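Colleague: Here's a structure for you.
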Amino acid sequence: MAELITYREAVTRAIAQEMRRDGSVVFLGEDIAAAGGVFKTTKGLLEEFGPTRVRDTPISEEAIIGAAMGAAMTGMRPIAEIMFSDFFATCWDLIAVEIAKARYMTAGQVTVPLVIRTANGGGLRFGAQHSQAVENWAMMIPGLKVVAPSTAADLIGLFAASVRDEDPVVFLEQKSLYPVKSEVPDGELVDELGTAKVVRPGDDITIVALAAMVPRALEAAEQLQQDRGISAEVIDVRSLVPLDTRTILDSVSRTTRLATVEENPRLCGWGAEIVSIVGEECFWDLDGPLTRITTPHVPLPSSDSLEDLTLPSVERIVESVAKALG
Amino acid sequence: MAELITYREAVTRAIAQEMRRDGSVVFLGEDIAAAGGVFKTTKGLLEEFGPTRVRDTPISEEAIIGAAMGAAMTGMRPIAEIMFSDFFATCWDLIAVEIAKARYMTAGQVTVPLVIRTANGGGLRFGAQHSQAVENWAMMIPGLKVVAPSTAADLIGLFAASVRDEDPVVFLEQKSLYPVKSEVPDGELVDELGTAKVVRPGDDITIVALAAMVPRALEAAEQLQQDRGISAEVIDVRSLVPLDTRTILDSVSRTTRLATVEENPRLCGWGAEIVSIVGEECFWDLDGPLTRITTPHVPLPSSDSLEDLTLPSVERIVESVAKALG
Amino acid sequence: MTTTEVPTDIDRDTRLALYRQVVGLRRFEERAHRLFMEGLVKGTSHLSTGMEAIAAGVAEAMRPDDLTFCTYRGHAHTLARGTPMDGVMAELLGRANGVCGGKGGSMHLTSVEHGVMGSYAIIGAHLPIANGAAWSAQLRGSGQVTVCFFGDGATNIGAFHEALNLAAVWKLPIVFVCENNLYMEYTPIGEVTAVEHPAADRAGAYGLEPIIVDGNDPDAVYLEASAAIERARAGEGPTLIEAKTYRHGGHSRADPGDYRPEEEVDAWLARDPLPMYRERLLELGIDAEELDAIEQERQDAVDAATEAAKAGPLPDPESAFTDVWADGGSSWRN
Amino acid sequence: MTTTEVPTDIDRDTRLALYRQVVGLRRFEERAHRLFMEGLVKGTSHLSTGMEAIAAGVAEAMRPDDLTFCTYRGHAHTLARGTPMDGVMAELLGRANGVCGGKGGSMHLTSVEHGVMGSYAIIGAHLPIANGAAWSAQLRGSGQVTVCFFGDGATNIGAFHEALNLAAVWKLPIVFVCENNLYMEYTPIGEVTAVEHPAADRAGAYGLEPIIVDGNDPDAVYLEASAAIERARAGEGPTLIEAKTYRHGGHSRADPGDYRPEEEVDAWLARDPLPMYRERLLELGIDAEELDAIEQERQDAVDAATEAAKAGPLPDPESAFTDVWADGGSSWRN
Ligand SMILES: Cc1ncc(C[n+]2csc(CCOP(=O)(O)OP(=O)(O)O)c2C)c(N)n1
Ligand SMILES: Cc1ncc(C[n+]2csc(CCOP(=O)(O)OP(=O)(O)O)c2C)c(N)n1
Ligand SMILES: [Mg+2]
Ligand SMILES: [Mg+2]
């Protein structure tokens with residue numbers, strides 16, 4: 001049996017699944033309890049799990065992440081919400097310099113099993129300070145796992161895997177996907193971190209995408225096939241750390257071409273990392289330049305007419321791939 | 001005429017040069033005034049410019065960067081010191097989300113001409129929280145210029161260019177270079193942002209390096225030449241944003257090979273960005289895989305014996321390049 | 001709170017100016033709300049309906065060259081400094097004739113020529129930045145005073161603490177105005193704050209006086225702000241003012257605000273600054289016709305601004321790629 | 001400060017334990033300094049010489065399963081909880097037998113088995129983290145109390161404010177101990193702080209009592225800490241204690257601390273906790289021989305630890321690449 005649910009509902013379901021399973025899972029963040037979350041992703045959790053396990057916090061991102069870290073170090077499995085991923089910047093020290101490094105600095109004495117979930121990315125006309133795609137911020141920090149699902153089923157399964165993981169996981173929900181419905185099988189879902197998925201097989205080029213860029217890459221692949229006879233394989237990376245390089249390298253060595261589709265702005269995006277891995281380890285298999293499709297290196301504009309020009313569009317993916325294939 | 005001075009002395013000289021020239025240049029940070037800086041890079045500035053222009057602050061990184069931003073928006077040209085680049089994390093919101101985006105969000109009404117200078121990088125056995133190389137943190141944010149000199153003369157000239165620039169500049173001083181002496185010509189020095197330098201010409205491979213990795217790359221190039229007859233061209237990037245892609249692409253199209261040497265940990269480092277540019281725009285000129293030499297993706301250990309195994313060493317550069325050239 | 005009596009030391013023109021502000025801000029916010037519900041304002045918007053007395057009272061106490069820093073709830077503060085309604089409304093609609101050419105939107109209203117140095121959407125971040133502007137005024141000897149507005153929720157974030165301390169130590173010419181509307185987004189401030197008055201009860205931590213003012217009374221706000229601005233201008237350093245108020249609507253967008261107890265909403269609606277102030281002016285002997293005329297003029301201005309905004313062109317597509325750098329462009333390479 | 005009289009309600013054994021702590025910490029720090037000057041301790045180190053009474057007094061008031069969070073100036077606090085000197089000294093020397101296998105160093109001493117949950121080198125960062133440990137104890141009903149140490153300088157960073165507020169709102173079982181040694185690195189705290197007592201004068205901002213204690217008096221610290229820990233354990237929430245003290249040496253490494261006025265240094269040296277406390281114990285009728293024996297035992301322990309550290313092997317090179325992840329490794333890919 002399967003059911004159509006929104007990505008938003010999947011969040012609630014994922015948190016509830018893990019909180020039911022394990023009493024040491026607690027959840028904290030701003031407006032997550034009584035109000036059910038500003039994106040309405042956490043409705044009903046306070047009612048089911050009570051105010052001890054589901055806690056509203058002050059607007060104190062460092063206090064939130066610190067509380068999660070200290071609790072994780074001492075036997076709990078906290079889930080912390082940072083309302084918008086942009087706000088990572090206000091607690092970046094706690095995420096990047098404390099949580100990520102604690103295990104290493106203490107030679108394994110301290111373990112920090114927690115999940116920081118957040119609404120990531122653009123497309124909602126929220127302007128430069130509420131629209132950033134920051135997956136590369138997290139990826140560049142040793143000690144953080146980084147996950148970004150593109151479907152409701154992946155969201156639940158990868159979230160479960162994140163909560164059960166012994167390491168800190170930055171879990172990025174793409175906010176433009178919240179209203180999107182997709183199929184979810186019945187019962188408990190538990191997926192595996194570090195596994196990419198070939199979501200469309202193809203022969204001529206490998207397109208690697210993440211989160212909201214996956215449906216766009218798929219649509220672009222469809223158009224490339226229909227309009228130009230180009231067969232694109234599309235890979236949903238799903239997890240940037242750990243990174244499933246095997247799936248990517250296997251694909252590229254077959255298709256001989258690579259394009260990455262990133263929502264983050266251009267410089268030092270995760271696409272660059274994947275390109276550099278392919279350019280080093282798959283070089284002799286390549287039959288053409290390595291292509292990156294990214295948001296240009298600009299802060300995002302608020303106006304809808306402008307924002308639509310910045311994030312990678314289906315059209316831009318089609319054109320870039322077609323151009324790469326000459 | 002020229003003079004041998006340390007990189008440390010170059011910092012003092014650079015700040016003094018600009019403060020003498022322009023009364024709107026002010027300088028703030030922790031322990032920078034009366035104490036002359038914890039790295040002794042700012043000795044004598046309080047005495048020369050007085051407590052109005054050279055100010056000690058509380059341990060309040062957000063207040064420091066905020067003060068610099070607000071002053072820069074309203075006619076001053078502040079230089080803010082963040083003692084260790086690791087502490088960027090405590091004021092990342094101000095740097096990445098406020099300063100970097102202000103001009104864009106206001107359609108150019110607000111301009112933020114300031115310099116944030118900091119001691120970056122490892123090698124001093126300070127452990128995971130005082131040794132990070134964070135040049136990629138800054139590079140990935142649209143709206144920030146990013147500069148990291150490798151010599152005393154470059155430091156002074158690029159610092160002057162940064163202070164005179166109308167945009168915010170993140171100026172990274174590599175702390176292991178502070179005691180290193182190099183030659184500095186007499187008189188005012190003003191360099192140009194966005195210009196890389198070929199610091200050693202060569203034919204077989206292009207090695208792109210930054211800051212403390214430049215002397216290591218040069219030494220490696222010397223060894224490669226002497227021991228294996230490999231002629232490596234070494235480029236000092238100097239400025240990550242703006243990036244002098246022309247100098248790099250021209251070189252690679254001639255040498256047909258590329259290796260980057262980064263101090264930052266592996267994932268999403270600036271080397272990946274350069275590799276991806278070369279892999280896209282220079283692909284048909286390439287005769288071999290694109291090589292990245294980085295600090296492995298680990299937080300840094302404190303012990304000297306361990307730290308030396310992490311940062312790219314001359315030996316590792318030599319081996320990686322030799323291997324890339326097969 | 002400082003006063004419930006009618007202050008007597010405010011002249012008639014000032015009162016009329018205050019009234020004109022309150023009315024104009026109310027009409028503007030009502031229109032902004034309608035345009036949002038009609039889908040013409042995209043993204044989000046945060047209104048100051050019910051809170052206008054603060055923007056009005058403070059702005060009237062400011063000198064034209066003084067500087068304002070707003071939050072994402074910044075329509076009122078931006079307008080109160082004299083920024084034309086057309087440019088603000090057009091910005092909400094993402095048009096080229098908006099004050100930020102459509103790139104800022106509702107949350108980032110800025111009009112440097114009117115002393116509005118920006119609207120910041122990260123809680124607390126603009127307090128340290130406002131300090132910088134105040135420091136600059138101090139360094140330049142310009143005599144300018146900076147006013148920084150923020151919500152009750154912002155008092156619990158670190159940047160608040162760092163900024164207040166630095167402002168006090170450096171004796172900066174700045175006035176911090178906390179608009180305490182009792183709620184963060186949906187959570188009551190009292191549930192997450194260790195003290196009753198989130199700003200005033202913290203003033204002592206920075207060597208400052210605790211000041212609470214009735215934020216629904218334009219006169220009270222005006223007097224308190226005037227005193228604070230005077231002190232700042234005289235080199236006596238910062239002031240922290242907590243203005244108690246209430247938003248009539250929800251936090252943002254289509255939020256109906258139904259997490260708030262009905263009696264609470266009713267009690268505050270009964271203290272709506274607009275009819276209360278009109279009542280006061282009538283009592284003070286000002287003609288109803290004069291007030292009606294002001295209302296009409298403000299309503300016309302909002303209507304005209306709406307038309308101008310709707311008629312405004314979409315931004316030039318190229319503008320998505322301009323103004324990252326001072327050279328006007330966005331190029332990061334050669 | 002709470003007391004200058006000799007408290008009478010402390011038993012003999014506790015006093016001897018306090019003395020043993022103070023002596024041991026002093027000898028350890030002296031040795032650490034020497035080893036630094038000899039080049040055996042690399043990088044940096046921050047000593048608590050002169051400040052030992054705080055670490056001693058608080059640790060003696062703690063239960064074995066209580067939790068400690070330290071700063072980079074954490075030798076004393078780590079040792080006071082019972083972490084063996086060998087492991088701490090070896091860590092300073094970057095050896096495999098160090099408590100963190102050489103990966104943490106002087107600034108990151110940790111011994112979870114002794115309740116020392118880490119030493120944090122970013123000012124203020126560990127206050128929110130310590131809250132988390134206290135929250136966890138509250139959730140688990142373990143009855144554990146968390147103690148978090150930090151310096152005067154840390155009271156001006158945002159994390160301090162966020163942590164104190166949350167601790168108060170959630171009534172966490174935590175004791176915040178501010179070691180006010182009058183200086184940040186080189187800058188006097190008074191020059192950059194809006195209030196006289198950087199911690200105590202902020203307590204009210206979190207609904208807490210202002211508490212100042214003589215940080216050079218082990219008895220006074222012990223009593224104040226005991227009371228705070230008791231309150232925390234009884235569910236009465238957090239306490240903020242400001243302990244006034246002074247470091248005998250510089251901030252770190254080879255800093256001679258010569259930015260401090262001679263008279264100030266002299267005055268504080270005259271209040272050195274070690275001879276002062278010895279004097280008190282003698283006055284209370286404890287034999288000099290008994291104290292001498294303790295001193296000898298502690299000196300021997302420091303000597304033995306030094307030998308063990310020097311004899312310790314360098315870390316396995318492989319260990320640079322372990323313990324990033326809970327699986328023991330550092331691999332980010334397949
Ligand atoms: C650092 C940060 N955290 C969270 C948010 C999300 N957020 C936007 S407005 C808001 C509530 C702010 O409440 P308050 O300060 O009382 O201002 P009000 O909206 O009531 O005017 C929150 C939590 C944010 N913008 N920035
Ligand atoms: C966020 C941050 N800013 C600056 C520093 C550099 N730093 C290390 S110790 C120190 C002084 C701290 O003073 P205080 O809190 O009084 O503690 P003390 O060293 O006196 O024990 C500073 C500024 C840091 N580690 N972290
Ligand atoms: Mg509010
Ligand atoms: Mg101190």
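Residue numbering restarts at 1 for every chain of the structure tokens, chains are lettered A, B, ... in their displayed order, and ligands are numbered from 1 as they appear.
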6 Å from ligand 1 is the threshold here; counting only C-alpha atoms and all ligand atoms, which polymer residues fall inside it? Answer as a list in words.
Modeller: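 Counting only what the definition allows, namely only C-alpha atoms and all ligand atoms, the set is Ile59 and Phe87 of chain A; Arg73, Ala121, Ile122, Ile123, Phe150, Gly151, Asp152, Gly153, Ala154, Asn181, Tyr183, Met184 and Glu185 of chain C.
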Colleague: Those selected residues, please, written with all heavy atoms and delivered as a CSV table (one decimal), in the first residue's frame.
Modeller:
```csv
chain,number,residue,atom,x,y,z
A,59,ILE,N,14.0,33.1,21.0
A,59,ILE,CA,14.8,33.3,19.7
A,59,ILE,C,16.2,33.4,20.1
A,59,ILE,O,16.7,34.5,20.3
A,59,ILE,CB,14.3,34.6,19.0
A,59,ILE,CG1,12.8,34.5,18.8
A,59,ILE,CG2,15.0,34.7,17.7
A,59,ILE,CD1,12.2,35.8,18.2
A,87,PHE,N,19.5,31.0,9.2
A,87,PHE,CA,19.8,31.3,10.6
A,87,PHE,C,21.0,30.5,11.1
A,87,PHE,O,21.4,30.7,12.3
A,87,PHE,CB,18.6,31.2,11.5
A,87,PHE,CG,17.4,31.9,11.0
A,87,PHE,CD1,16.1,31.5,11.5
A,87,PHE,CD2,17.4,32.9,10.1
A,87,PHE,CE1,15.0,32.2,11.0
A,87,PHE,CE2,16.3,33.5,9.6
A,87,PHE,CZ,15.0,33.2,10.1
C,73,ARG,N,9.6,44.0,10.1
C,73,ARG,CA,8.3,44.7,10.3
C,73,ARG,C,8.6,46.2,10.2
C,73,ARG,O,8.5,46.9,11.2
C,73,ARG,CB,7.8,44.3,11.7
C,73,ARG,CG,6.3,44.6,11.9
C,73,ARG,CD,5.8,44.3,13.3
C,73,ARG,NE,5.9,42.9,13.6
C,73,ARG,CZ,5.2,41.9,13.2
C,73,ARG,NH1,4.2,42.2,12.3
C,73,ARG,NH2,5.4,40.7,13.6
C,121,ALA,N,16.3,41.3,8.4
C,121,ALA,CA,15.3,40.2,8.7
C,121,ALA,C,15.9,39.1,9.5
C,121,ALA,O,15.2,38.1,9.8
C,121,ALA,CB,14.8,39.6,7.3
C,122,ILE,N,17.1,39.3,10.0
C,122,ILE,CA,17.6,38.3,11.0
C,122,ILE,C,17.5,39.0,12.4
C,122,ILE,O,18.1,40.0,12.6
C,122,ILE,CB,19.1,38.0,10.7
C,122,ILE,CG1,19.3,37.5,9.2
C,122,ILE,CG2,19.6,37.0,11.7
C,122,ILE,CD1,18.6,36.2,8.9
C,123,ILE,N,16.8,38.3,13.2
C,123,ILE,CA,16.5,38.8,14.6
C,123,ILE,C,17.8,39.3,15.3
C,123,ILE,O,18.7,38.5,15.5
C,123,ILE,CB,15.7,37.8,15.4
C,123,ILE,CG1,14.4,37.4,14.8
C,123,ILE,CG2,15.5,38.4,16.8
C,123,ILE,CD1,13.4,38.4,14.7
C,150,PHE,N,13.2,47.1,17.3
C,150,PHE,CA,13.2,45.6,17.3
C,150,PHE,C,12.1,45.2,18.2
C,150,PHE,O,11.5,45.9,18.9
C,150,PHE,CB,14.6,45.1,17.8
C,150,PHE,CG,15.0,45.6,19.1
C,150,PHE,CD1,14.7,44.9,20.3
C,150,PHE,CD2,15.7,46.8,19.2
C,150,PHE,CE1,15.1,45.4,21.5
C,150,PHE,CE2,16.1,47.3,20.4
C,150,PHE,CZ,15.8,46.7,21.6
C,151,GLY,N,11.8,43.9,18.1
C,151,GLY,CA,10.7,43.3,18.8
C,151,GLY,C,11.1,42.7,20.2
C,151,GLY,O,12.3,42.7,20.5
C,152,ASP,N,10.1,42.4,21.0
C,152,ASP,CA,10.4,41.7,22.2
C,152,ASP,C,11.2,40.5,22.1
C,152,ASP,O,12.1,40.2,22.9
C,152,ASP,CB,9.0,41.4,22.9
C,152,ASP,CG,8.0,40.8,22.0
C,152,ASP,OD1,7.5,41.5,21.2
C,152,ASP,OD2,7.9,39.6,22.0
C,153,GLY,N,10.9,39.7,21.1
C,153,GLY,CA,11.6,38.4,20.9
C,153,GLY,C,13.1,38.6,20.7
C,153,GLY,O,13.9,37.8,21.0
C,154,ALA,N,13.5,39.8,20.1
C,154,ALA,CA,14.9,40.0,19.8
C,154,ALA,C,15.7,40.2,21.1
C,154,ALA,O,17.0,40.1,21.1
C,154,ALA,CB,15.0,41.3,18.9
C,181,ASN,N,5.2,43.7,21.6
C,181,ASN,CA,3.8,43.4,21.3
C,181,ASN,C,3.4,42.1,21.8
C,181,ASN,O,2.4,41.4,21.3
C,181,ASN,CB,3.6,43.5,19.7
C,181,ASN,CG,4.5,42.5,19.0
C,181,ASN,OD1,5.1,41.6,19.6
C,181,ASN,ND2,4.6,42.6,17.7
C,183,TYR,N,4.2,39.1,21.7
C,183,TYR,CA,4.4,37.9,21.0
C,183,TYR,C,5.7,37.9,20.1
C,183,TYR,O,6.0,38.9,19.6
C,183,TYR,CB,3.2,37.5,20.1
C,183,TYR,CG,2.0,37.1,20.9
C,183,TYR,CD1,1.2,38.1,21.5
C,183,TYR,CD2,1.7,35.8,21.1
C,183,TYR,CE1,0.1,37.7,22.3
C,183,TYR,CE2,0.7,35.4,21.9
C,183,TYR,CZ,-0.1,36.3,22.5
C,183,TYR,OH,-1.2,36.0,23.3
C,184,MET,N,6.2,36.7,19.9
C,184,MET,CA,7.2,36.6,18.9
C,184,MET,C,6.4,36.2,17.6
C,184,MET,O,5.5,37.0,17.3
C,184,MET,CB,8.2,35.4,19.3
C,184,MET,CG,9.0,35.9,20.5
C,184,MET,SD,9.3,34.5,21.7
C,184,MET,CE,10.0,33.3,20.6
C,185,GLU,N,6.7,35.1,16.9
C,185,GLU,CA,5.8,34.8,15.8
C,185,GLU,C,4.5,34.4,16.4
C,185,GLU,O,3.5,35.1,16.3
C,185,GLU,CB,6.4,33.7,14.9
C,185,GLU,CG,7.7,34.2,14.2
C,185,GLU,CD,7.9,33.6,12.8
C,185,GLU,OE1,7.0,33.0,12.3
C,185,GLU,OE2,9.0,33.8,12.3
```
Colleague: Could you pull out the strand (DSSP E or B) residues of stretch 2-240 of chain A, going by DSSP on the backbone, and write them as a ChimeraX atom specification?
Modeller: /A:2-6,25-29,54-56,77-84,115-120,145-147,169-174,181-185,197-200,205-209,232-236,239-240
Colleague: Kindly determine which residues of chain B lie within 10 Å of chain D, considering only C-alpha atoms, and give the answer as a short mmCIF file (atom, residue, chain, number, x, y, z; two decimals) with N, CA, C and O atoms, in the first residue's frame.
Modeller:
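So the final result, stored in iface_17.cif, reads:
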```cif
data_model
loop_
_atom_site.label_atom_id
_atom_site.label_comp_id
_atom_site.auth_asym_id
_atom_site.auth_seq_id
_atom_site.Cartn_x
_atom_site.Cartn_y
_atom_site.Cartn_z
N GLU B 30 39.66 43.04 19.39
CA GLU B 30 39.99 42.65 20.76
C GLU B 30 41.50 42.73 21.00
O GLU B 30 42.27 42.13 20.25
N ASP B 31 41.90 43.46 22.01
CA ASP B 31 43.31 43.54 22.40
C ASP B 31 44.21 44.13 21.32
O ASP B 31 45.42 43.90 21.32
N ILE B 32 43.65 44.88 20.40
CA ILE B 32 44.47 45.39 19.29
C ILE B 32 45.15 46.71 19.63
O ILE B 32 46.16 47.05 19.03
N ALA B 33 44.61 47.43 20.59
CA ALA B 33 45.10 48.79 20.84
C ALA B 33 46.24 48.76 21.87
O ALA B 33 47.41 48.63 21.51
N ALA B 34 45.88 48.85 23.14
CA ALA B 34 46.90 48.93 24.19
C ALA B 34 47.89 47.77 24.12
O ALA B 34 49.09 47.94 24.30
N ALA B 35 47.40 46.57 23.82
CA ALA B 35 48.27 45.39 23.85
C ALA B 35 49.00 45.16 22.54
O ALA B 35 49.91 44.34 22.46
N GLY B 36 48.59 45.84 21.48
CA GLY B 36 49.27 45.65 20.20
C GLY B 36 48.94 44.35 19.50
O GLY B 36 49.67 43.91 18.62
N GLY B 37 47.83 43.74 19.91
CA GLY B 37 47.40 42.53 19.21
C GLY B 37 47.97 41.27 19.81
O GLY B 37 49.11 41.26 20.26
N VAL B 38 47.19 40.20 19.83
CA VAL B 38 47.70 38.97 20.45
C VAL B 38 48.79 38.34 19.59
O VAL B 38 49.58 37.55 20.07
N ASP B 56 40.02 49.15 21.38
CA ASP B 56 39.81 47.83 21.98
C ASP B 56 38.32 47.60 22.19
O ASP B 56 37.59 48.50 22.59
N THR B 57 37.90 46.38 21.97
CA THR B 57 36.49 46.04 22.12
C THR B 57 36.31 44.96 23.17
O THR B 57 37.27 44.29 23.53
N PRO B 58 35.08 44.79 23.63
CA PRO B 58 34.78 43.59 24.42
C PRO B 58 34.87 42.34 23.54
O PRO B 58 35.01 42.44 22.32
N ILE B 59 34.78 41.19 24.17
CA ILE B 59 34.74 39.92 23.41
C ILE B 59 33.31 39.77 22.91
O ILE B 59 32.47 39.14 23.54
N SER B 60 33.05 40.39 21.80
CA SER B 60 31.70 40.50 21.24
C SER B 60 31.86 40.58 19.73
O SER B 60 31.77 41.66 19.14
N GLU B 61 32.11 39.46 19.12
CA GLU B 61 32.41 39.48 17.68
C GLU B 61 31.27 40.05 16.85
O GLU B 61 31.50 40.70 15.83
N GLU B 62 30.03 39.80 17.27
CA GLU B 62 28.92 40.37 16.49
C GLU B 62 28.91 41.89 16.64
O GLU B 62 28.65 42.61 15.67
N ALA B 63 29.21 42.36 17.83
CA ALA B 63 29.25 43.80 18.03
C ALA B 63 30.39 44.43 17.24
O ALA B 63 30.26 45.54 16.71
N ASP B 86 38.70 31.28 13.00
CA ASP B 86 37.69 30.37 13.57
C ASP B 86 36.52 31.15 14.16
O ASP B 86 35.38 30.67 14.14
N PHE B 87 36.80 32.33 14.69
CA PHE B 87 35.75 33.10 15.37
C PHE B 87 34.77 33.74 14.38
O PHE B 87 33.78 34.32 14.80
N ALA B 89 32.85 32.16 12.90
CA ALA B 89 31.62 31.40 13.15
C ALA B 89 30.73 32.10 14.16
O ALA B 89 29.51 31.95 14.12
N THR B 90 31.32 32.86 15.07
CA THR B 90 30.51 33.54 16.09
C THR B 90 29.86 34.82 15.55
O THR B 90 29.01 35.39 16.23
N CYS B 91 30.28 35.26 14.38
CA CYS B 91 29.68 36.47 13.80
C CYS B 91 29.38 36.25 12.33
O CYS B 91 29.36 37.20 11.55
N GLY B 123 49.08 24.97 11.86
CA GLY B 123 50.52 24.85 11.95
C GLY B 123 51.10 25.31 13.27
O GLY B 123 52.29 25.14 13.52
N LEU B 124 50.27 25.89 14.13
CA LEU B 124 50.79 26.40 15.40
C LEU B 124 50.41 25.53 16.60
O LEU B 124 50.57 25.93 17.74
N ARG B 125 49.87 24.39 16.35
CA ARG B 125 49.50 23.41 17.39
C ARG B 125 48.43 23.97 18.32
O ARG B 125 48.47 23.76 19.53
N PHE B 126 47.51 24.71 17.74
CA PHE B 126 46.45 25.32 18.54
C PHE B 126 45.19 24.46 18.59
O PHE B 126 44.22 24.83 19.25
N GLY B 127 45.18 23.36 17.89
CA GLY B 127 44.03 22.47 17.95
C GLY B 127 42.87 22.90 17.06
O GLY B 127 42.94 23.92 16.35
N ALA B 128 41.79 22.13 17.15
CA ALA B 128 40.71 22.20 16.17
C ALA B 128 39.97 23.52 16.13
O ALA B 128 39.39 23.88 15.11
N GLN B 129 39.96 24.26 17.24
CA GLN B 129 39.15 25.48 17.29
C GLN B 129 39.95 26.77 17.08
O GLN B 129 39.38 27.86 17.16
N HIS B 130 41.23 26.64 16.84
CA HIS B 130 42.04 27.84 16.60
C HIS B 130 42.99 27.67 15.42
O HIS B 130 44.03 28.33 15.36
N LEU B 267 36.33 19.03 1.53
CA LEU B 267 35.05 19.18 0.84
C LEU B 267 34.67 20.64 0.60
O LEU B 267 34.64 21.45 1.52
N PRO B 296 43.11 16.74 4.76
CA PRO B 296 42.01 15.77 4.71
C PRO B 296 40.79 16.32 5.45
O PRO B 296 40.90 17.28 6.21
N HIS B 297 39.66 15.70 5.21
CA HIS B 297 38.42 16.24 5.79
C HIS B 297 38.30 15.83 7.25
O HIS B 297 37.42 15.07 7.64
N VAL B 298 39.19 16.41 8.08
CA VAL B 298 39.17 16.17 9.54
C VAL B 298 39.38 17.51 10.24
O VAL B 298 39.98 18.42 9.69
N PRO B 299 38.83 17.64 11.47
CA PRO B 299 39.20 18.80 12.29
C PRO B 299 40.69 18.65 12.61
O PRO B 299 41.21 17.54 12.57
N LEU B 300 41.37 19.71 12.94
CA LEU B 300 42.81 19.56 13.15
C LEU B 300 43.13 19.09 14.56
O LEU B 300 42.53 19.53 15.54
N PRO B 301 44.11 18.19 14.66
CA PRO B 301 44.58 17.74 15.97
C PRO B 301 45.54 18.76 16.56
O PRO B 301 46.12 19.57 15.85
N SER B 302 45.70 18.69 17.89
CA SER B 302 46.57 19.63 18.57
C SER B 302 48.04 19.20 18.53
O SER B 302 48.93 20.00 18.28
N SER B 303 48.28 17.94 18.80
CA SER B 303 49.65 17.45 18.88
C SER B 303 50.44 17.76 17.61
O SER B 303 49.96 17.55 16.50
N ASP B 304 51.67 18.26 17.79
CA ASP B 304 52.48 18.60 16.63
C ASP B 304 52.71 17.41 15.70
O ASP B 304 52.66 17.53 14.49
N SER B 305 52.92 16.25 16.33
CA SER B 305 53.21 15.09 15.50
C SER B 305 52.02 14.72 14.62
O SER B 305 52.19 14.22 13.51
N LEU B 306 50.81 15.01 15.11
CA LEU B 306 49.63 14.71 14.30
C LEU B 306 49.29 15.84 13.33
O LEU B 306 48.94 15.60 12.18
N GLU B 307 49.44 17.07 13.81
CA GLU B 307 49.08 18.18 12.93
C GLU B 307 49.91 18.16 11.65
O GLU B 307 49.41 18.45 10.56
N ASP B 308 51.17 17.79 11.79
CA ASP B 308 52.04 17.77 10.61
C ASP B 308 51.59 16.75 9.56
O ASP B 308 52.02 16.81 8.41
N LEU B 309 50.76 15.82 10.00
CA LEU B 309 50.27 14.82 9.04
C LEU B 309 49.04 15.31 8.28
O LEU B 309 48.58 14.65 7.35
N THR B 310 48.49 16.43 8.72
CA THR B 310 47.23 16.85 8.11
C THR B 310 47.41 17.92 7.03
O THR B 310 46.96 17.74 5.91
#
```
Colleague: Fewer than 3 positions away in the same chain doesn't count, so skip those; otherwise give me all residues within 12 Å of C:Glu290, counting only C-alpha atoms, as a count of residues only.
Modeller: 17
Colleague: Which is closer to ligand 2 than all the others in B:Ala10, B:Met140, B:Met83, B:Val208, using only C-alpha atoms and all ligand atoms?
Modeller: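 Checking each of B:Ala10, B:Met140, B:Met83, B:Val208 against ligand 2, counting only C-alpha atoms and all ligand atoms, the winner is B:Met83.
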Colleague: Distance atom CA of B:Thr111-atom CA of C:Met89, one decimal place?
Modeller: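 Separation of atom CA of B:Thr111 and atom CA of C:Met89: 23.7 Å.
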Colleague: Return the neighbours of chain C among the residues of chain D, cut-off 10 Å, counting only C-alpha atoms, as a ChimeraX atom specification.
Modeller: /D:155-171,190-208
Colleague: Could the residues of chain A within 8 Å of chain B, counting only C-alpha atoms, be given as number ranges by chain, please?
Modeller: A: 86-93, 96-97, 101, 104-105, 127-129, 136-137, 139-143, 265-270, 272-273, 275-276, 279-284, 288-292, 297-299, 301
